[in-house]
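In what follows, a structure is listed as structure tokens, so that the remarks can point back to it.
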Amino acid sequence: MGIVNVFNSHHLGPAGYYAAMCADEGMMGMAMSNGDVLVAATGSCEKTIGNNPFAYAVPAGKYDKILYDIAMSMGSDMKILRMLEEGK
């Protein structure tokens with residue numbers, strides 16, 4: 001098993017990539033990070049949780065691998081900042 005935990009990185013775009021690297025070598029892979037509070041929870045108007053991305057990957061025999069890669073937000077903050085700069 002390979003595990004990577006990153007503390008206060010505030011960004012972990014390639015979480016799935018790193019977890020998949022382990023699965024490609026026949027191991028279970030996990031990659032996770034935490035970050036600042038910047039996401040509003042469902043029903044909230046204020047920031048209450050961090051984005052906290054994580055990914056898991058496992059070998060799946062003839063199906064290559066199973067990869068689960070998610071974060072708590074619907075979009076990245078960089079996309080939102082870019083849209084603000086463009087006036088969208």
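Going through the structure tokens in order, the chains are called A, B, and so on, while each chain numbers its residues from 1 and the ligands are numbered from 1 in the order shown.
Once A:Phe54 and its same-chain neighbours fewer than 4 positions away are set aside, Ala15, Gly16, Met30, Ala31, Met32, Ser33, Asp69, Ile70 and Ala71 of chain A remain within 8 Å of it when counting only C-alpha atoms.
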(message) Applying 6 Å and only C-alpha atoms, which residues near A:Gly29 remain after dropping the ones on its own chain fewer than 4 positions away? List them as a PyMOL selection string.
(response) chain A and resi 2-3+19+22+56-57
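Residue nearest A:His11 within the list A:Leu67, A:Ile49, A:Met28, A:Met78: A:Met78 [criterion: smallest interatomic distance, only C-alpha atoms].
In this structure, atom CA of A:Lys65 sits 7.4 Å away from atom CA of A:Asp24.
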(request) Kindly indicate which residue among A:Ala55, A:Met27, A:Val39, A:Ala60 lies nearest to A:Leu12, using only C-alpha atoms for the distances. (result) A:Ala55
Residue list (helix (DSSP H, G or I), DSSP) for chain A, as a PDB file with all heavy atoms, in the first residue's frame:
```pdb
ATOM      1  N   ALA A  15      -4.009  14.355  -7.314  1.00  0.00           N
ATOM      2  CA  ALA A  15      -4.240  13.280  -6.340  1.00  0.00           C
ATOM      3  C   ALA A  15      -4.521  11.951  -7.043  1.00  0.00           C
ATOM      4  O   ALA A  15      -3.948  10.917  -6.702  1.00  0.00           O
ATOM      5  CB  ALA A  15      -5.402  13.638  -5.413  1.00  0.00           C
ATOM      6  N   GLY A  16      -5.398  11.966  -8.031  1.00  0.00           N
ATOM      7  CA  GLY A  16      -5.729  10.744  -8.754  1.00  0.00           C
ATOM      8  C   GLY A  16      -4.531  10.171  -9.494  1.00  0.00           C
ATOM      9  O   GLY A  16      -4.364   8.950  -9.586  1.00  0.00           O
ATOM     10  N   TYR A  17      -3.699  11.038 -10.017  1.00  0.00           N
ATOM     11  CA  TYR A  17      -2.504  10.601 -10.736  1.00  0.00           C
ATOM     12  C   TYR A  17      -1.587   9.810  -9.805  1.00  0.00           C
ATOM     13  O   TYR A  17      -1.104   8.736 -10.160  1.00  0.00           O
ATOM     14  CB  TYR A  17      -1.789  11.822 -11.317  1.00  0.00           C
ATOM     15  CG  TYR A  17      -0.461  11.498 -11.950  1.00  0.00           C
ATOM     16  CD1 TYR A  17      -0.401  10.947 -13.225  1.00  0.00           C
ATOM     17  CD2 TYR A  17       0.723  11.744 -11.280  1.00  0.00           C
ATOM     18  CE1 TYR A  17       0.817  10.660 -13.815  1.00  0.00           C
ATOM     19  CE2 TYR A  17       1.951  11.461 -11.854  1.00  0.00           C
ATOM     20  CZ  TYR A  17       1.988  10.909 -13.127  1.00  0.00           C
ATOM     21  OH  TYR A  17       3.192  10.612 -13.699  1.00  0.00           O
ATOM     22  N   TYR A  18      -1.350  10.352  -8.609  1.00  0.00           N
ATOM     23  CA  TYR A  18      -0.451   9.674  -7.678  1.00  0.00           C
ATOM     24  C   TYR A  18      -1.039   8.371  -7.149  1.00  0.00           C
ATOM     25  O   TYR A  18      -0.336   7.371  -7.009  1.00  0.00           O
ATOM     26  CB  TYR A  18      -0.080  10.603  -6.527  1.00  0.00           C
ATOM     27  CG  TYR A  18       0.791  11.748  -6.972  1.00  0.00           C
ATOM     28  CD1 TYR A  18       0.409  13.058  -6.763  1.00  0.00           C
ATOM     29  CD2 TYR A  18       1.993  11.510  -7.633  1.00  0.00           C
ATOM     30  CE1 TYR A  18       1.214  14.108  -7.187  1.00  0.00           C
ATOM     31  CE2 TYR A  18       2.802  12.551  -8.058  1.00  0.00           C
ATOM     32  CZ  TYR A  18       2.398  13.849  -7.834  1.00  0.00           C
ATOM     33  OH  TYR A  18       3.195  14.885  -8.256  1.00  0.00           O
ATOM     34  N   ALA A  19      -2.332   8.358  -6.857  1.00  0.00           N
ATOM     35  CA  ALA A  19      -2.962   7.119  -6.409  1.00  0.00           C
ATOM     36  C   ALA A  19      -2.924   6.066  -7.513  1.00  0.00           C
ATOM     37  O   ALA A  19      -2.657   4.884  -7.263  1.00  0.00           O
ATOM     38  CB  ALA A  19      -4.406   7.398  -5.980  1.00  0.00           C
ATOM     39  N   ALA A  20      -3.159   6.495  -8.754  1.00  0.00           N
ATOM     40  CA  ALA A  20      -3.141   5.564  -9.893  1.00  0.00           C
ATOM     41  C   ALA A  20      -1.755   4.969 -10.114  1.00  0.00           C
ATOM     42  O   ALA A  20      -1.632   3.820 -10.558  1.00  0.00           O
ATOM     43  CB  ALA A  20      -3.622   6.273 -11.154  1.00  0.00           C
ATOM     44  N   MET A  21      -0.698   5.739  -9.810  1.00  0.00           N
ATOM     45  CA  MET A  21       0.659   5.209  -9.957  1.00  0.00           C
ATOM     46  C   MET A  21       0.836   3.953  -9.106  1.00  0.00           C
ATOM     47  O   MET A  21       1.479   2.987  -9.543  1.00  0.00           O
ATOM     48  CB  MET A  21       1.688   6.261  -9.540  1.00  0.00           C
ATOM     49  CG  MET A  21       1.862   7.379 -10.543  1.00  0.00           C
ATOM     50  SD  MET A  21       2.956   8.703  -9.964  1.00  0.00           S
ATOM     51  CE  MET A  21       4.495   7.843  -9.754  1.00  0.00           C
ATOM     52  N   CYS A  22       0.275   3.950  -7.911  1.00  0.00           N
ATOM     53  CA  CYS A  22       0.365   2.770  -7.040  1.00  0.00           C
ATOM     54  C   CYS A  22      -0.405   1.600  -7.640  1.00  0.00           C
ATOM     55  O   CYS A  22       0.089   0.477  -7.666  1.00  0.00           O
ATOM     56  CB  CYS A  22      -0.174   3.098  -5.649  1.00  0.00           C
ATOM     57  SG  CYS A  22       0.803   4.330  -4.767  1.00  0.00           S
ATOM     58  N   ALA A  23      -1.634   1.866  -8.098  1.00  0.00           N
ATOM     59  CA  ALA A  23      -2.458   0.794  -8.680  1.00  0.00           C
ATOM     60  C   ALA A  23      -1.773   0.189  -9.906  1.00  0.00           C
ATOM     61  O   ALA A  23      -1.853  -1.017 -10.137  1.00  0.00           O
ATOM     62  CB  ALA A  23      -3.841   1.325  -9.033  1.00  0.00           C
ATOM     63  N   ASP A  24      -1.091   1.011 -10.682  1.00  0.00           N
ATOM     64  CA  ASP A  24      -0.373   0.505 -11.857  1.00  0.00           C
ATOM     65  C   ASP A  24       0.751  -0.452 -11.472  1.00  0.00           C
ATOM     66  O   ASP A  24       1.172  -1.277 -12.272  1.00  0.00           O
ATOM     67  CB  ASP A  24       0.204   1.665 -12.671  1.00  0.00           C
ATOM     68  CG  ASP A  24      -0.866   2.476 -13.378  1.00  0.00           C
ATOM     69  OD1 ASP A  24      -1.989   1.954 -13.567  1.00  0.00           O
ATOM     70  OD2 ASP A  24      -0.585   3.637 -13.740  1.00  0.00           O
ATOM     71  N   GLY A  61      -7.494  -6.158 -11.897  1.00  0.00           N
ATOM     72  CA  GLY A  61      -7.328  -7.295 -12.799  1.00  0.00           C
ATOM     73  C   GLY A  61      -7.531  -6.919 -14.257  1.00  0.00           C
ATOM     74  O   GLY A  61      -6.909  -5.993 -14.762  1.00  0.00           O
ATOM     75  N   LYS A  62      -8.441  -7.618 -14.918  1.00  0.00           N
ATOM     76  CA  LYS A  62      -8.645  -7.382 -16.350  1.00  0.00           C
ATOM     77  C   LYS A  62      -9.228  -5.999 -16.645  1.00  0.00           C
ATOM     78  O   LYS A  62      -9.240  -5.560 -17.783  1.00  0.00           O
ATOM     79  CB  LYS A  62      -9.528  -8.469 -16.952  1.00  0.00           C
ATOM     80  CG  LYS A  62     -10.970  -8.449 -16.494  1.00  0.00           C
ATOM     81  CD  LYS A  62     -11.784  -9.533 -17.177  1.00  0.00           C
ATOM     82  CE  LYS A  62     -13.242  -9.443 -16.779  1.00  0.00           C
ATOM     83  NZ  LYS A  62     -14.055 -10.409 -17.502  1.00  0.00           N
ATOM     84  N   TYR A  63      -9.715  -5.300 -15.617  1.00  0.00           N
ATOM     85  CA  TYR A  63     -10.278  -3.956 -15.796  1.00  0.00           C
ATOM     86  C   TYR A  63      -9.252  -2.863 -15.515  1.00  0.00           C
ATOM     87  O   TYR A  63      -9.601  -1.715 -15.335  1.00  0.00           O
ATOM     88  CB  TYR A  63     -11.503  -3.769 -14.907  1.00  0.00           C
ATOM     89  CG  TYR A  63     -12.585  -4.761 -15.201  1.00  0.00           C
ATOM     90  CD1 TYR A  63     -12.833  -5.816 -14.342  1.00  0.00           C
ATOM     91  CD2 TYR A  63     -13.338  -4.661 -16.368  1.00  0.00           C
ATOM     92  CE1 TYR A  63     -13.816  -6.746 -14.621  1.00  0.00           C
ATOM     93  CE2 TYR A  63     -14.324  -5.585 -16.660  1.00  0.00           C
ATOM     94  CZ  TYR A  63     -14.556  -6.630 -15.785  1.00  0.00           C
ATOM     95  OH  TYR A  63     -15.522  -7.549 -16.070  1.00  0.00           O
ATOM     96  N   ASP A  77     -10.959  26.653  -7.032  1.00  0.00           N
ATOM     97  CA  ASP A  77     -10.924  28.084  -6.752  1.00  0.00           C
ATOM     98  C   ASP A  77     -10.198  28.852  -7.846  1.00  0.00           C
ATOM     99  O   ASP A  77     -10.511  29.999  -8.116  1.00  0.00           O
ATOM    100  CB  ASP A  77     -10.326  28.371  -5.372  1.00  0.00           C
ATOM    101  CG  ASP A  77      -8.937  27.792  -5.182  1.00  0.00           C
ATOM    102  OD1 ASP A  77      -8.525  26.927  -5.966  1.00  0.00           O
ATOM    103  OD2 ASP A  77      -8.263  28.216  -4.219  1.00  0.00           O
ATOM    104  N   MET A  78      -9.239  28.216  -8.516  1.00  0.00           N
ATOM    105  CA  MET A  78      -8.551  28.907  -9.614  1.00  0.00           C
ATOM    106  C   MET A  78      -9.499  29.194 -10.771  1.00  0.00           C
ATOM    107  O   MET A  78      -9.421  30.242 -11.399  1.00  0.00           O
ATOM    108  CB  MET A  78      -7.351  28.088 -10.100  1.00  0.00           C
ATOM    109  CG  MET A  78      -6.190  28.061  -9.127  1.00  0.00           C
ATOM    110  SD  MET A  78      -5.650  29.692  -8.544  1.00  0.00           S
ATOM    111  CE  MET A  78      -5.096  30.435 -10.059  1.00  0.00           C
ATOM    112  N   LYS A  79     -10.425  28.271 -11.056  1.00  0.00           N
ATOM    113  CA  LYS A  79     -11.405  28.529 -12.110  1.00  0.00           C
ATOM    114  C   LYS A  79     -12.303  29.697 -11.728  1.00  0.00           C
ATOM    115  O   LYS A  79     -12.624  30.542 -12.558  1.00  0.00           O
ATOM    116  CB  LYS A  79     -12.253  27.280 -12.360  1.00  0.00           C
ATOM    117  CG  LYS A  79     -11.541  26.176 -13.075  1.00  0.00           C
ATOM    118  CD  LYS A  79     -12.459  25.004 -13.301  1.00  0.00           C
ATOM    119  CE  LYS A  79     -11.725  23.853 -13.959  1.00  0.00           C
ATOM    120  NZ  LYS A  79     -12.585  22.665 -14.106  1.00  0.00           N
ATOM    121  N   ILE A  80     -12.678  29.756 -10.468  1.00  0.00           N
ATOM    122  CA  ILE A  80     -13.542  30.844  -9.999  1.00  0.00           C
ATOM    123  C   ILE A  80     -12.794  32.172 -10.064  1.00  0.00           C
ATOM    124  O   ILE A  80     -13.333  33.177 -10.538  1.00  0.00           O
ATOM    125  CB  ILE A  80     -14.045  30.547  -8.569  1.00  0.00           C
ATOM    126  CG1 ILE A  80     -14.970  29.331  -8.598  1.00  0.00           C
ATOM    127  CG2 ILE A  80     -14.744  31.765  -7.969  1.00  0.00           C
ATOM    128  CD1 ILE A  80     -15.312  28.762  -7.252  1.00  0.00           C
ATOM    129  N   LEU A  81     -11.539  32.204  -9.611  1.00  0.00           N
ATOM    130  CA  LEU A  81     -10.756  33.428  -9.663  1.00  0.00           C
ATOM    131  C   LEU A  81     -10.549  33.899 -11.105  1.00  0.00           C
ATOM    132  O   LEU A  81     -10.619  35.086 -11.402  1.00  0.00           O
ATOM    133  CB  LEU A  81      -9.408  33.234  -8.966  1.00  0.00           C
ATOM    134  CG  LEU A  81      -9.473  33.051  -7.450  1.00  0.00           C
ATOM    135  CD1 LEU A  81      -8.105  32.693  -6.903  1.00  0.00           C
ATOM    136  CD2 LEU A  81     -10.020  34.297  -6.780  1.00  0.00           C
ATOM    137  N   ARG A  82     -10.310  32.947 -12.002  1.00  0.00           N
ATOM    138  CA  ARG A  82     -10.121  33.299 -13.415  1.00  0.00           C
ATOM    139  C   ARG A  82     -11.402  33.900 -13.987  1.00  0.00           C
ATOM    140  O   ARG A  82     -11.374  34.891 -14.723  1.00  0.00           O
ATOM    141  CB  ARG A  82      -9.721  32.060 -14.232  1.00  0.00           C
ATOM    142  CG  ARG A  82      -9.251  32.406 -15.634  1.00  0.00           C
ATOM    143  CD  ARG A  82      -8.694  31.210 -16.396  1.00  0.00           C
ATOM    144  NE  ARG A  82      -7.715  30.490 -15.633  1.00  0.00           N
ATOM    145  CZ  ARG A  82      -7.773  29.174 -15.368  1.00  0.00           C
ATOM    146  NH1 ARG A  82      -8.784  28.467 -15.825  1.00  0.00           N
ATOM    147  NH2 ARG A  82      -6.835  28.577 -14.677  1.00  0.00           N
ATOM    148  N   MET A  83     -12.556  33.325 -13.639  1.00  0.00           N
ATOM    149  CA  MET A  83     -13.835  33.859 -14.117  1.00  0.00           C
ATOM    150  C   MET A  83     -14.076  35.268 -13.563  1.00  0.00           C
ATOM    151  O   MET A  83     -14.586  36.135 -14.283  1.00  0.00           O
ATOM    152  CB  MET A  83     -14.975  32.920 -13.740  1.00  0.00           C
ATOM    153  CG  MET A  83     -14.959  31.614 -14.522  1.00  0.00           C
ATOM    154  SD  MET A  83     -16.182  30.419 -13.968  1.00  0.00           S
ATOM    155  CE  MET A  83     -17.692  31.254 -14.414  1.00  0.00           C
ATOM    156  N   LEU A  84     -13.707  35.505 -12.295  1.00  0.00           N
ATOM    157  CA  LEU A  84     -13.850  36.849 -11.731  1.00  0.00           C
ATOM    158  C   LEU A  84     -12.993  37.856 -12.484  1.00  0.00           C
ATOM    159  O   LEU A  84     -13.437  38.972 -12.774  1.00  0.00           O
ATOM    160  CB  LEU A  84     -13.474  36.839 -10.250  1.00  0.00           C
ATOM    161  CG  LEU A  84     -14.490  36.224  -9.289  1.00  0.00           C
ATOM    162  CD1 LEU A  84     -13.885  36.068  -7.892  1.00  0.00           C
ATOM    163  CD2 LEU A  84     -15.747  37.090  -9.224  1.00  0.00           C
ATOM    164  N   GLU A  85     -11.770  37.466 -12.804  1.00  0.00           N
ATOM    165  CA  GLU A  85     -10.866  38.352 -13.552  1.00  0.00           C
ATOM    166  C   GLU A  85     -11.410  38.669 -14.939  1.00  0.00           C
ATOM    167  O   GLU A  85     -11.209  39.761 -15.466  1.00  0.00           O
ATOM    168  CB  GLU A  85      -9.479  37.711 -13.678  1.00  0.00           C
ATOM    169  CG  GLU A  85      -8.693  37.699 -12.409  1.00  0.00           C
ATOM    170  CD  GLU A  85      -7.367  36.946 -12.543  1.00  0.00           C
ATOM    171  OE1 GLU A  85      -7.086  36.404 -13.628  1.00  0.00           O
ATOM    172  OE2 GLU A  85      -6.636  36.901 -11.546  1.00  0.00           O
TER     173      GLU A  85
END
```
